[in-house]
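Q: Take this structure, written in structure tokens, and hold onto it; I'll ask about it next.
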Amino acid sequence: MIKPWRTGERRVLLDRKPWFKVGEETVELPSGEVVQDFGFIDMLDFAVIVPITGSGETILVDPNYGCGAMHAFIAHGARRVREPESGDLEEQELLVVPIAEAIARLQAGEISHLASAAAVGLAAIALDGSR
């Protein structure tokens, strides 16, 4: 089980209420290591809605606020060549599951990371279209 980080002192460097806040904080990792000046960005939660009319149509709106662009790919024939390395201080859990289970987890609301959820959803659409 992944142990949580403990947050200590927090310093706000930029506050643009109500949109976002940027700053640094002191964190203690599960190992006991203390990291000074660890950056953070707090942003508002948001909802994305796909409206469907009575006649089965939807409404598409170009977004007006974002935080970077996502580039999603499907990598067929992927295989483990070494142990994963996150490249940062955060502990990660790696799950290898059949794509059908990943889609089922997405449908059950078990994938909460927005980019991961979007990537699995897009992969489901692309893979369904290729069958």
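By order in the structure tokens, chains are A, B, ...; within a chain, residues start at 1; ligands start at 1, following the order shown.
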With a distance cut-off of 10 Å and only C-alpha atoms, select the neighbouring residues of A:Gly32, excluding the residue or stretch itself and same-chain residues fewer than 3 positions from it, and output the selection as a ChimeraX atom specification.
A: /A:5-6,27-29,35
Q: Give the helix (DSSP H, G or I) residues of stretch 2-130 of chain A, as DSSP finds them on the backbone, and put them as a VMD selection string.
A: chain A and resid 99 to 107 114 to 129
Q: Could you write out that same residue set with N, CA and C atoms as a JSON list (two decimals), in the first residue's frame?
A:
[["chain", "number", "residue", "atom", "x", "y", "z"],
["A", 99, "ILE", "N", -6.68, -4.93, -21.38],
["A", 99, "ILE", "CA", -7.30, -3.66, -21.81],
["A", 99, "ILE", "C", -8.78, -3.66, -21.47],
["A", 100, "ALA", "N", -9.45, -4.81, -21.56],
["A", 100, "ALA", "CA", -10.88, -4.88, -21.23],
["A", 100, "ALA", "C", -11.10, -4.52, -19.76],
["A", 101, "GLU", "N", -10.19, -4.95, -18.88],
["A", 101, "GLU", "CA", -10.33, -4.60, -17.46],
["A", 101, "GLU", "C", -10.08, -3.12, -17.24],
["A", 102, "ALA", "N", -9.12, -2.53, -17.97],
["A", 102, "ALA", "CA", -8.87, -1.10, -17.85],
["A", 102, "ALA", "C", -10.11, -0.31, -18.26],
["A", 103, "ILE", "N", -10.77, -0.75, -19.33],
["A", 103, "ILE", "CA", -11.99, -0.08, -19.78],
["A", 103, "ILE", "C", -13.09, -0.25, -18.74],
["A", 104, "ALA", "N", -13.20, -1.44, -18.16],
["A", 104, "ALA", "CA", -14.20, -1.68, -17.12],
["A", 104, "ALA", "C", -13.93, -0.80, -15.89],
["A", 105, "ARG", "N", -12.66, -0.65, -15.54],
["A", 105, "ARG", "CA", -12.31, 0.23, -14.41],
["A", 105, "ARG", "C", -12.66, 1.68, -14.72],
["A", 106, "LEU", "N", -12.47, 2.09, -15.97],
["A", 106, "LEU", "CA", -12.85, 3.44, -16.37],
["A", 106, "LEU", "C", -14.37, 3.60, -16.25],
["A", 107, "GLN", "N", -15.11, 2.63, -16.74],
["A", 107, "GLN", "CA", -16.57, 2.69, -16.67],
["A", 107, "GLN", "C", -17.07, 2.68, -15.23],
["A", 114, "LEU", "N", -7.25, 12.34, -14.71],
["A", 114, "LEU", "CA", -7.93, 12.78, -15.93],
["A", 114, "LEU", "C", -7.22, 12.33, -17.20],
["A", 115, "ALA", "N", -5.91, 12.51, -17.29],
["A", 115, "ALA", "CA", -5.20, 12.14, -18.52],
["A", 115, "ALA", "C", -5.25, 10.63, -18.74],
["A", 116, "SER", "N", -5.14, 9.83, -17.67],
["A", 116, "SER", "CA", -5.22, 8.38, -17.81],
["A", 116, "SER", "C", -6.61, 7.96, -18.26],
["A", 117, "ALA", "N", -7.64, 8.56, -17.66],
["A", 117, "ALA", "CA", -9.02, 8.25, -18.04],
["A", 117, "ALA", "C", -9.26, 8.59, -19.51],
["A", 118, "ALA", "N", -8.80, 9.76, -19.94],
["A", 118, "ALA", "CA", -8.98, 10.16, -21.33],
["A", 118, "ALA", "C", -8.23, 9.22, -22.27],
["A", 119, "ALA", "N", -7.01, 8.83, -21.91],
["A", 119, "ALA", "CA", -6.22, 7.95, -22.76],
["A", 119, "ALA", "C", -6.86, 6.57, -22.89],
["A", 120, "VAL", "N", -7.36, 6.02, -21.77],
["A", 120, "VAL", "CA", -8.02, 4.71, -21.83],
["A", 120, "VAL", "C", -9.30, 4.82, -22.66],
["A", 121, "GLY", "N", -10.07, 5.88, -22.47],
["A", 121, "GLY", "CA", -11.29, 6.07, -23.27],
["A", 121, "GLY", "C", -11.00, 6.20, -24.75],
["A", 122, "LEU", "N", -9.99, 6.98, -25.10],
["A", 122, "LEU", "CA", -9.62, 7.13, -26.51],
["A", 122, "LEU", "C", -9.11, 5.81, -27.09],
["A", 123, "ALA", "N", -8.35, 5.05, -26.30],
["A", 123, "ALA", "CA", -7.87, 3.75, -26.75],
["A", 123, "ALA", "C", -9.04, 2.79, -26.98],
["A", 124, "ALA", "N", -10.04, 2.83, -26.09],
["A", 124, "ALA", "CA", -11.22, 1.98, -26.25],
["A", 124, "ALA", "C", -11.93, 2.29, -27.56],
["A", 125, "ILE", "N", -12.07, 3.56, -27.87],
["A", 125, "ILE", "CA", -12.72, 3.97, -29.11],
["A", 125, "ILE", "C", -11.91, 3.51, -30.32],
["A", 126, "ALA", "N", -10.60, 3.75, -30.28],
["A", 126, "ALA", "CA", -9.74, 3.38, -31.41],
["A", 126, "ALA", "C", -9.69, 1.88, -31.62],
["A", 127, "LEU", "N", -9.58, 1.12, -30.53],
["A", 127, "LEU", "CA", -9.50, -0.34, -30.64],
["A", 127, "LEU", "C", -10.82, -0.94, -31.10],
["A", 128, "ASP", "N", -11.94, -0.37, -30.67],
["A", 128, "ASP", "CA", -13.25, -0.85, -31.11],
["A", 128, "ASP", "C", -13.44, -0.62, -32.60],
["A", 129, "GLY", "N", -12.94, 0.50, -33.09],
["A", 129, "GLY", "CA", -13.06, 0.83, -34.50],
["A", 129, "GLY", "C", -12.16, -0.01, -35.39]]
Q: If you measure from atom CA of A:Leu89 to atom CA of A:His71, what distance in Å do you get, rounded to one decimal?
A: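 So the answer is 23.9 Å.
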Q: State, in Å with one decimal place, the distance from atom CA of A:Ser31 to atom CA of A:Ser112.
A: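 Pair atom CA of A:Ser31 / atom CA of A:Ser112 returns 25.7 Å.
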Q: Excluding A:Gly23 and its own-chain neighbours fewer than 2 positions away, which residues fall within 12 Å of it when counting only C-alpha atoms? Please give them as a list in words.
A: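 These residues fall inside the cut-off: Glu9, Arg10, Arg11, Val12, Leu13, Leu14, Asp15, Arg16, Phe20, Lys21, Glu25, Thr26, Gln36, Asp37, Phe38, Gly39, Phe40, Ile41, Asp42 and Met43 of chain A.
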Q: To one decimal place in Å, what is the distance between atom CA of A:Phe73 and atom CA of A:Glu85?
A: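 Rounded to one decimal, the two atoms are 20.1 Å apart.
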